[in-house]
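**Student:** Below is the file upload37.cif, which contains mmCIF, C-alpha atoms and all ligand atoms.
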```cif
data_structure
loop_
_atom_site.label_atom_id
_atom_site.label_comp_id
_atom_site.auth_asym_id
_atom_site.auth_seq_id
_atom_site.Cartn_x
_atom_site.Cartn_y
_atom_site.Cartn_z
CA MET A 15 62.65 8.61 120.43
CA ALA A 16 60.07 11.40 120.46
CA SER A 17 56.62 11.33 121.98
CA ALA A 18 53.77 13.77 121.51
CA PHE A 19 50.34 14.11 123.06
CA VAL A 20 47.30 15.64 121.44
CA VAL A 21 44.89 16.62 124.20
CA ALA A 22 41.47 17.83 123.09
CA ASN A 23 37.90 18.27 124.26
CA PHE A 24 35.53 16.68 121.76
CA PRO A 25 31.76 16.15 122.06
CA SER A 26 30.69 13.08 123.96
CA SER A 27 27.33 11.33 124.31
CA ASP A 28 25.94 8.25 126.01
CA ASN A 29 23.90 7.39 122.92
CA SER A 30 26.42 7.69 120.13
CA PRO A 31 30.14 7.66 119.49
CA SER A 32 31.85 11.04 119.72
CA LEU A 33 30.47 12.84 116.66
CA LEU A 34 32.96 15.49 115.60
CA ARG A 35 31.75 18.71 114.02
CA HIS A 36 33.80 19.84 111.05
CA ASP A 37 35.39 22.46 113.28
CA ASP A 38 36.58 19.66 115.56
CA VAL A 39 38.04 17.76 112.60
CA VAL A 40 39.94 20.88 111.57
CA THR A 41 41.28 21.23 115.11
CA LEU A 42 42.29 17.57 115.19
CA PHE A 43 44.11 17.89 111.85
CA HIS A 44 45.82 21.08 113.07
CA GLU A 45 47.10 19.52 116.28
CA MET A 46 48.07 16.32 114.45
CA GLY A 47 50.17 18.53 112.18
CA HIS A 48 52.16 19.65 115.23
CA ALA A 49 52.34 16.06 116.51
CA LEU A 50 53.61 14.69 113.17
CA HIS A 51 56.17 17.50 112.91
CA HIS A 52 57.47 16.33 116.26
CA LEU A 53 57.18 12.57 115.76
CA LEU A 54 58.60 12.24 112.24
CA SER A 55 61.82 14.12 112.93
CA LEU A 56 65.04 12.68 111.52
CA VAL A 57 67.18 14.90 113.76
CA SER A 58 68.70 13.28 116.83
CA GLU A 59 69.81 16.51 118.53
CA ASN A 60 66.98 17.26 120.95
CA GLY A 61 67.15 21.07 120.86
CA VAL A 62 66.46 21.20 117.11
CA SER A 63 64.48 17.99 116.63
CA GLY A 64 60.78 18.00 115.72
CA ILE A 65 59.12 21.25 116.76
CA ASN A 66 62.06 22.19 118.98
CA GLY A 67 64.09 25.13 117.73
CA VAL A 68 61.76 25.89 114.81
CA GLU A 69 61.42 29.65 114.24
CA TRP A 70 58.36 31.28 115.76
CA ASP A 71 56.99 32.34 112.37
CA ALA A 72 57.25 28.82 110.91
CA VAL A 73 56.15 26.59 113.77
CA GLU A 74 52.49 26.80 112.70
CA PHE A 75 53.38 25.84 109.13
CA PRO A 76 52.99 22.03 109.41
CA SER A 77 49.82 22.36 111.52
CA GLN A 78 48.09 24.80 109.19
CA PHE A 79 49.31 22.71 106.27
CA LEU A 80 47.58 19.58 107.56
CA GLU A 81 44.48 21.56 108.54
CA ASN A 82 43.96 22.48 104.88
CA PHE A 83 43.42 18.82 103.99
CA ALA A 84 40.30 18.73 106.19
CA TYR A 85 38.53 20.54 103.34
CA GLU A 86 39.68 18.24 100.53
CA PRO A 87 37.07 15.82 99.08
CA GLN A 88 39.71 13.11 98.51
CA VAL A 89 40.58 13.21 102.19
CA LEU A 90 37.12 13.79 103.70
CA LYS A 91 35.59 10.90 101.77
CA ILE A 92 37.94 8.47 103.51
CA PHE A 93 36.36 9.00 106.91
CA ALA A 94 33.49 11.52 106.77
CA THR A 95 30.62 9.05 106.78
CA HIS A 96 27.31 9.05 108.64
CA TYR A 97 27.78 6.95 111.76
CA LYS A 98 24.54 4.99 111.20
CA SER A 99 23.90 4.92 107.45
CA ALA A 100 27.60 4.97 106.43
CA GLU A 101 26.66 7.53 103.79
CA THR A 102 29.68 9.57 102.67
CA LEU A 103 29.68 13.37 102.83
CA SER A 104 28.50 14.61 99.43
CA ASP A 105 30.49 16.84 97.06
CA ASP A 106 27.74 19.40 97.41
CA MET A 107 28.15 19.50 101.19
CA ILE A 108 31.95 19.68 100.92
CA ASP A 109 31.61 22.63 98.54
CA LYS A 110 29.41 24.37 101.08
CA ILE A 111 31.92 23.77 103.88
CA LYS A 112 34.61 25.45 101.75
CA GLU A 113 32.31 28.32 100.82
CA VAL A 114 31.50 28.98 104.48
CA LYS A 115 35.22 28.99 105.29
CA ASN A 116 35.90 31.52 102.54
CA PHE A 117 32.92 33.78 103.25
CA GLU A 118 34.27 37.31 103.71
CA SER A 119 37.80 35.89 103.98
CA ALA A 120 39.27 39.02 102.35
CA LEU A 121 37.93 41.16 105.21
CA GLY A 122 39.50 38.78 107.73
CA LEU A 123 42.79 38.93 105.87
CA LEU A 124 42.79 42.74 105.80
CA ARG A 125 42.13 42.80 109.55
CA GLN A 126 45.13 40.54 110.18
CA LEU A 127 47.31 42.77 107.99
CA GLU A 128 46.15 45.81 109.96
CA PHE A 129 47.10 44.11 113.25
CA SER A 130 50.44 42.87 111.92
CA ILE A 131 51.54 46.21 110.50
CA PHE A 132 50.40 48.05 113.64
CA ASP A 133 52.45 45.61 115.74
CA PHE A 134 55.57 46.08 113.58
CA LYS A 135 55.34 49.88 113.50
CA LEU A 136 54.52 50.17 117.19
CA HIS A 137 57.79 48.38 117.96
CA GLN A 138 59.91 50.48 115.60
CA ALA A 139 59.70 53.73 117.58
CA LEU A 140 58.49 55.09 120.90
CA HIS A 141 54.87 56.18 120.57
CA VAL A 142 53.52 58.37 123.34
CA GLY A 143 49.94 59.36 124.21
CA ASN A 144 47.76 59.94 121.21
CA GLU A 145 50.51 58.88 118.81
CA VAL A 146 49.42 55.27 119.26
CA GLN A 147 45.89 56.08 118.08
CA GLU A 148 47.27 58.17 115.23
CA LEU A 149 49.53 55.33 114.13
CA LEU A 150 46.63 52.89 114.09
CA ASP A 151 44.40 55.37 112.27
CA SER A 152 47.03 55.86 109.57
CA ILE A 153 47.30 52.10 109.05
CA ARG A 154 43.52 51.73 108.93
CA GLU A 155 43.42 54.49 106.34
CA GLU A 156 45.44 52.26 104.07
CA PHE A 157 44.28 48.76 105.00
CA SER A 158 40.81 48.68 106.50
CA LEU A 159 37.67 48.69 104.45
CA ILE A 160 35.27 49.11 107.36
CA LYS A 161 36.60 51.65 109.87
CA PRO A 162 35.83 50.96 113.54
CA PRO A 163 34.04 53.76 115.46
CA SER A 164 36.29 56.28 117.24
CA TYR A 165 35.36 54.94 120.70
CA ASN A 166 36.93 51.61 119.74
CA LYS A 167 40.19 51.23 121.66
CA PHE A 168 41.33 47.87 120.32
CA GLN A 169 44.97 48.90 120.71
CA ASN A 170 44.67 49.13 124.52
CA GLY A 171 43.76 45.47 124.76
CA PHE A 172 45.90 43.93 122.02
CA ALA A 173 47.04 41.30 124.51
CA HIS A 174 48.76 39.10 121.92
CA ILE A 175 51.59 41.57 121.52
CA PHE A 176 51.76 42.83 125.11
CA ALA A 177 51.29 39.64 127.08
CA GLY A 178 51.11 36.83 124.56
CA GLY A 179 54.68 36.61 123.30
CA TYR A 180 53.85 37.99 119.86
CA ALA A 181 55.58 41.38 120.20
CA ALA A 182 56.70 42.35 116.67
CA GLY A 183 55.67 38.83 115.73
CA TYR A 184 51.94 39.00 115.10
CA TYR A 185 52.67 38.68 111.35
CA SER A 186 53.79 35.10 111.98
CA TYR A 187 50.20 33.82 111.85
CA LYS A 188 49.81 35.02 108.28
CA TRP A 189 53.34 34.12 107.21
CA ALA A 190 52.90 30.52 108.37
CA GLU A 191 49.66 30.47 106.38
CA VAL A 192 51.55 31.54 103.26
CA LEU A 193 54.02 28.69 103.71
CA SER A 194 51.26 26.18 104.44
CA ALA A 195 49.06 27.26 101.52
CA ASP A 196 51.96 27.14 99.06
CA ALA A 197 53.12 23.67 100.16
CA PHE A 198 49.51 22.47 100.29
CA PHE A 199 48.79 23.34 96.65
CA ALA A 200 52.14 21.91 95.54
CA ILE A 201 50.85 18.56 96.81
CA VAL A 202 47.15 18.93 95.95
CA ASP A 203 47.96 19.89 92.37
CA GLU A 204 49.94 16.65 92.03
CA GLY A 205 46.99 14.58 93.30
CA ILE A 206 47.60 14.43 97.09
CA PHE A 207 48.49 10.77 97.63
CA GLY A 208 51.76 9.10 96.64
CA THR A 209 53.36 12.25 95.23
CA LYS A 210 57.08 12.97 95.11
CA ILE A 211 56.51 16.41 96.64
CA GLY A 212 54.63 14.74 99.50
CA LYS A 213 57.62 12.50 100.23
CA ASP A 214 59.94 15.52 99.99
CA TYR A 215 57.74 17.36 102.49
CA LEU A 216 58.04 14.41 104.88
CA ARG A 217 61.83 14.27 104.57
CA ILE A 218 62.66 17.97 104.39
CA ILE A 219 60.05 19.91 106.38
CA LEU A 220 58.89 17.33 108.92
CA GLY A 221 62.23 15.53 109.00
CA GLN A 222 64.62 18.43 109.57
CA GLY A 223 62.90 20.19 112.50
CA GLY A 224 64.81 23.28 113.58
CA SER A 225 68.19 22.06 112.31
CA LYS A 226 68.07 24.59 109.46
CA SER A 227 66.11 27.79 108.97
CA MET A 228 62.67 27.33 107.42
CA ARG A 229 63.76 29.59 104.58
CA GLU A 230 66.49 27.07 103.69
CA LEU A 231 64.19 24.08 104.14
CA TYR A 232 61.47 25.66 102.01
CA GLU A 233 63.96 26.46 99.28
CA GLU A 234 65.06 22.82 99.36
CA LEU A 235 61.44 21.66 99.12
CA ARG A 236 60.19 23.95 96.37
CA GLY A 237 63.28 25.49 94.78
CA GLU A 238 61.67 28.91 95.28
CA GLU A 239 60.05 31.07 97.93
CA ALA A 240 56.44 30.52 98.95
CA LYS A 241 54.02 32.56 96.88
CA VAL A 242 51.47 34.88 98.50
CA GLN A 243 49.08 34.01 95.63
CA SER A 244 48.74 30.52 97.15
CA LEU A 245 47.22 32.02 100.29
CA LEU A 246 44.76 34.06 98.24
CA ARG A 247 43.80 30.91 96.32
CA LEU A 248 43.30 29.00 99.58
CA ASN A 249 40.95 31.73 100.80
CA GLY A 250 39.03 31.78 97.53
CA ILE A 251 40.18 35.33 96.76
CA GLY A 252 40.55 36.25 93.09
CA VAL A 253 39.77 32.75 91.83
ZN ZN B 301 49.03 25.38 116.25
#
```
Can the structure from this file be put into C-alpha cells for me?
Ligand SMILES: [Zn+2]
**Tutor:**
Amino acid sequence: MASAFVVANFPSSDNSPSLLRHDDVVTLFHEMGHALHHLLSLVSENGVSGINGVEWDAVEFPSQFLENFAYEPQVLKIFATHYKSAETLSDDMIDKIKEVKNFESALGLLRQLEFSIFDFKLHQALHVGNEVQELLDSIREEFSLIKPPSYNKFQNGFAHIFAGGYAAGYYSYKWAEVLSADAFFAIVDEGIFGTKIGKDYLRIILGQGGSKSMRELYEELRGEEAKVQSLLRLNGIGV
C-alpha cells in the first residue's frame, strides 16, 4: 500500500478559515497531482510504482495536468464559493484569472526555450571562456524577442543546471507541460467528468507508474504523440 503526504504552507487567520488565494489552489492541485500519481498506482513493484522510476521529463506530467483544472469553470464552481455569502466565483472572474495567467505567456515560453536550448548545447561540447557567452548570444539571436543588456551574466548563475540536477534536462519542464496540456484537452473537450479518456488516464498514466516509458504509456492513452499545439492553446497563444 502506498502513502503520500502533501505538506504546504497556506494562509491562516484567527478570524476566518484558511482562505486560499487562487495561487494556493493551483499549488494544491499541482501537489495533489503528484500524490494521486503515487496513490493510484496499480503496480506492486515498489521501484516502478507510483512516482517511483518515472522518467525525469515526465514526472511533472500528472501534477501539471491536474493544475490545469484549477482554471476550469466546471471544476472551480464546485468549491470556489465565498466563505460567508456562499456566492460562487463568477464566469467573468474565472475568465480574468485565465487572462492573467496567459498575459505575456509567449514571452515566458520563449525564455524557457532559450534556457533549454542553451542547456542542451552547453552540454554537447566543451565551451571555454567567452565561448559560453557567444553560445548564449547566438541562441538569443534566434529565440529572444527582448535581448538582455550585455552586463547580464545569467549563464554564470544558472543554478538549475549546475547544482539543481537539471543538467541537459532543463527542457523537461516544458516537455511535461506539452504532455499535460495535450492530455488535459483530450479530457476537457469530452466534458471533463465521467469520460472514457478520463478513466483511461487513471488506468494507464496514473496506474502504470514507471513500469513502462511515458512514451509508451502516452501512446496507449492517446494513440499518438502529444501535440505541441495543445501547449500553445493552454497558454492562449494563437487562439
Ligand atoms: Zn511538481
**Student:** Skip A:Val21 itself and residues of its chain fewer than 4 positions away, then list as a PDB file with C-alpha atoms, in the frame of the given file all residues within 12 Å of it, counting only C-alpha atoms.
**Tutor:**
```pdb
ATOM      1  CA  THR A  41      41.280  21.230 115.110  1.00  0.00           C
ATOM      2  CA  LEU A  42      42.290  17.570 115.190  1.00  0.00           C
ATOM      3  CA  GLU A  45      47.100  19.520 116.280  1.00  0.00           C
ATOM      4  CA  MET A  46      48.070  16.320 114.450  1.00  0.00           C
ATOM      5  CA  HIS A  48      52.160  19.650 115.230  1.00  0.00           C
ATOM      6  CA  ALA A  49      52.340  16.060 116.510  1.00  0.00           C
TER       7      ALA A  49
END
```
**Student:** Using only C-alpha atoms and all ligand atoms, can you tell me which of A:Leu34, A:Val62, A:Ala72, A:Leu235 comes closest to ligand ZN 301 (chain B)?
**Tutor:**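 With only C-alpha atoms and all ligand atoms as the atom set, the closest residue is A:Ala72.
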**Student:** Wanna dump the chain A-ligand ZN 301 (chain B) contacts at 12 Å for me, each residue with its shortest atom pair and the distance in Å to one decimal, counting all atoms listed in the file, ordered by chain and number, as JSON lines?
**Tutor:**
```
{"residue": "A:Val20", "atom": "CA", "partner": "B:ZN301", "partner_atom": "ZN", "distance": 11.2}
{"residue": "A:Val40", "atom": "CA", "partner": "B:ZN301", "partner_atom": "ZN", "distance": 11.2}
{"residue": "A:Thr41", "atom": "CA", "partner": "B:ZN301", "partner_atom": "ZN", "distance": 8.9}
{"residue": "A:Leu42", "atom": "CA", "partner": "B:ZN301", "partner_atom": "ZN", "distance": 10.4}
{"residue": "A:Phe43", "atom": "CA", "partner": "B:ZN301", "partner_atom": "ZN", "distance": 10.0}
{"residue": "A:His44", "atom": "CA", "partner": "B:ZN301", "partner_atom": "ZN", "distance": 6.2}
{"residue": "A:Glu45", "atom": "CA", "partner": "B:ZN301", "partner_atom": "ZN", "distance": 6.2}
{"residue": "A:Met46", "atom": "CA", "partner": "B:ZN301", "partner_atom": "ZN", "distance": 9.3}
{"residue": "A:Gly47", "atom": "CA", "partner": "B:ZN301", "partner_atom": "ZN", "distance": 8.0}
{"residue": "A:His48", "atom": "CA", "partner": "B:ZN301", "partner_atom": "ZN", "distance": 6.6}
{"residue": "A:Ala49", "atom": "CA", "partner": "B:ZN301", "partner_atom": "ZN", "distance": 9.9}
{"residue": "A:His51", "atom": "CA", "partner": "B:ZN301", "partner_atom": "ZN", "distance": 11.1}
{"residue": "A:Ile65", "atom": "CA", "partner": "B:ZN301", "partner_atom": "ZN", "distance": 10.9}
{"residue": "A:Trp70", "atom": "CA", "partner": "B:ZN301", "partner_atom": "ZN", "distance": 11.0}
{"residue": "A:Asp71", "atom": "CA", "partner": "B:ZN301", "partner_atom": "ZN", "distance": 11.3}
{"residue": "A:Ala72", "atom": "CA", "partner": "B:ZN301", "partner_atom": "ZN", "distance": 10.4}
{"residue": "A:Val73", "atom": "CA", "partner": "B:ZN301", "partner_atom": "ZN", "distance": 7.6}
{"residue": "A:Glu74", "atom": "CA", "partner": "B:ZN301", "partner_atom": "ZN", "distance": 5.2}
{"residue": "A:Phe75", "atom": "CA", "partner": "B:ZN301", "partner_atom": "ZN", "distance": 8.4}
{"residue": "A:Pro76", "atom": "CA", "partner": "B:ZN301", "partner_atom": "ZN", "distance": 8.6}
{"residue": "A:Ser77", "atom": "CA", "partner": "B:ZN301", "partner_atom": "ZN", "distance": 5.7}
{"residue": "A:Gln78", "atom": "CA", "partner": "B:ZN301", "partner_atom": "ZN", "distance": 7.1}
{"residue": "A:Phe79", "atom": "CA", "partner": "B:ZN301", "partner_atom": "ZN", "distance": 10.3}
{"residue": "A:Leu80", "atom": "CA", "partner": "B:ZN301", "partner_atom": "ZN", "distance": 10.5}
{"residue": "A:Glu81", "atom": "CA", "partner": "B:ZN301", "partner_atom": "ZN", "distance": 9.7}
{"residue": "A:Ser186", "atom": "CA", "partner": "B:ZN301", "partner_atom": "ZN", "distance": 11.6}
{"residue": "A:Tyr187", "atom": "CA", "partner": "B:ZN301", "partner_atom": "ZN", "distance": 9.6}
{"residue": "A:Ala190", "atom": "CA", "partner": "B:ZN301", "partner_atom": "ZN", "distance": 10.2}
{"residue": "A:Glu191", "atom": "CA", "partner": "B:ZN301", "partner_atom": "ZN", "distance": 11.1}
```
**Student:** Give me, as a tab-separated table, each residue of stretch 168-248 of chain A that comes within 8 Å of stretch 131-155 of chain A, together with its shortest interatomic pair and the distance in Å at one decimal, counting all atoms listed in the file, with rows ordered by chain and rising residue number.
**Tutor:**
```
residue	atom	partner	partner_atom	distance
A:Gln169	CA	A:Gln147	CA	7.7
A:Ile175	CA	A:Asp133	CA	7.1
A:Ala181	CA	A:Asp133	CA	6.9
A:Ala182	CA	A:Phe134	CA	5.0
A:Gly183	CA	A:Asp133	CA	7.5
A:Tyr184	CA	A:Asp133	CA	6.7
A:Tyr185	CA	A:Ile131	CA	7.7
```
**Student:** How many Å lie between atom CA of A:Ala240 and atom CA of A:Asp196, rounded to one decimal?
**Tutor:**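 Atom CA of A:Asp196 lies 5.6 Å from atom CA of A:Ala240.
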**Student:** Box time for stretch 55-61 of chain A: axis-aligned, enclosing all its listed atoms, 3 Å extra on each side; report centre and edge lengths in Å to one decimal, as JSON.
**Tutor:**
```
{"center_x": 65.8, "center_y": 16.9, "center_z": 116.2, "size_x": 14.0, "size_y": 14.4, "size_z": 15.4}
```
**Student:** Please indicate the distance in Å from atom CA of A:Ala173 to atom CA of A:Lys188, rounded to one decimal place.
**Tutor:** 17.6 Å
**Student:** Which neighbours of A:Ile92 fall inside 12 Å, counting only C-alpha atoms, when residues of the same chain fewer than 2 positions from it are skipped, and could you give them as a PDB file with C-alpha atoms, keeping the file's coordinate frame?
**Tutor:**
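Okay, this is what ended up in part-v6.pdb:
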```pdb
ATOM      1  CA  PHE A  83      43.420  18.820 103.990  1.00  0.00           C
ATOM      2  CA  ALA A  84      40.300  18.730 106.190  1.00  0.00           C
ATOM      3  CA  GLU A  86      39.680  18.240 100.530  1.00  0.00           C
ATOM      4  CA  PRO A  87      37.070  15.820  99.080  1.00  0.00           C
ATOM      5  CA  GLN A  88      39.710  13.110  98.510  1.00  0.00           C
ATOM      6  CA  VAL A  89      40.580  13.210 102.190  1.00  0.00           C
ATOM      7  CA  LEU A  90      37.120  13.790 103.700  1.00  0.00           C
ATOM      8  CA  ALA A  94      33.490  11.520 106.770  1.00  0.00           C
ATOM      9  CA  THR A  95      30.620   9.050 106.780  1.00  0.00           C
ATOM     10  CA  HIS A  96      27.310   9.050 108.640  1.00  0.00           C
ATOM     11  CA  ALA A 100      27.600   4.970 106.430  1.00  0.00           C
ATOM     12  CA  GLU A 101      26.660   7.530 103.790  1.00  0.00           C
ATOM     13  CA  THR A 102      29.680   9.570 102.670  1.00  0.00           C
ATOM     14  CA  LEU A 103      29.680  13.370 102.830  1.00  0.00           C
ATOM     15  CA  SER A 104      28.500  14.610  99.430  1.00  0.00           C
TER      16      SER A 104
END
```
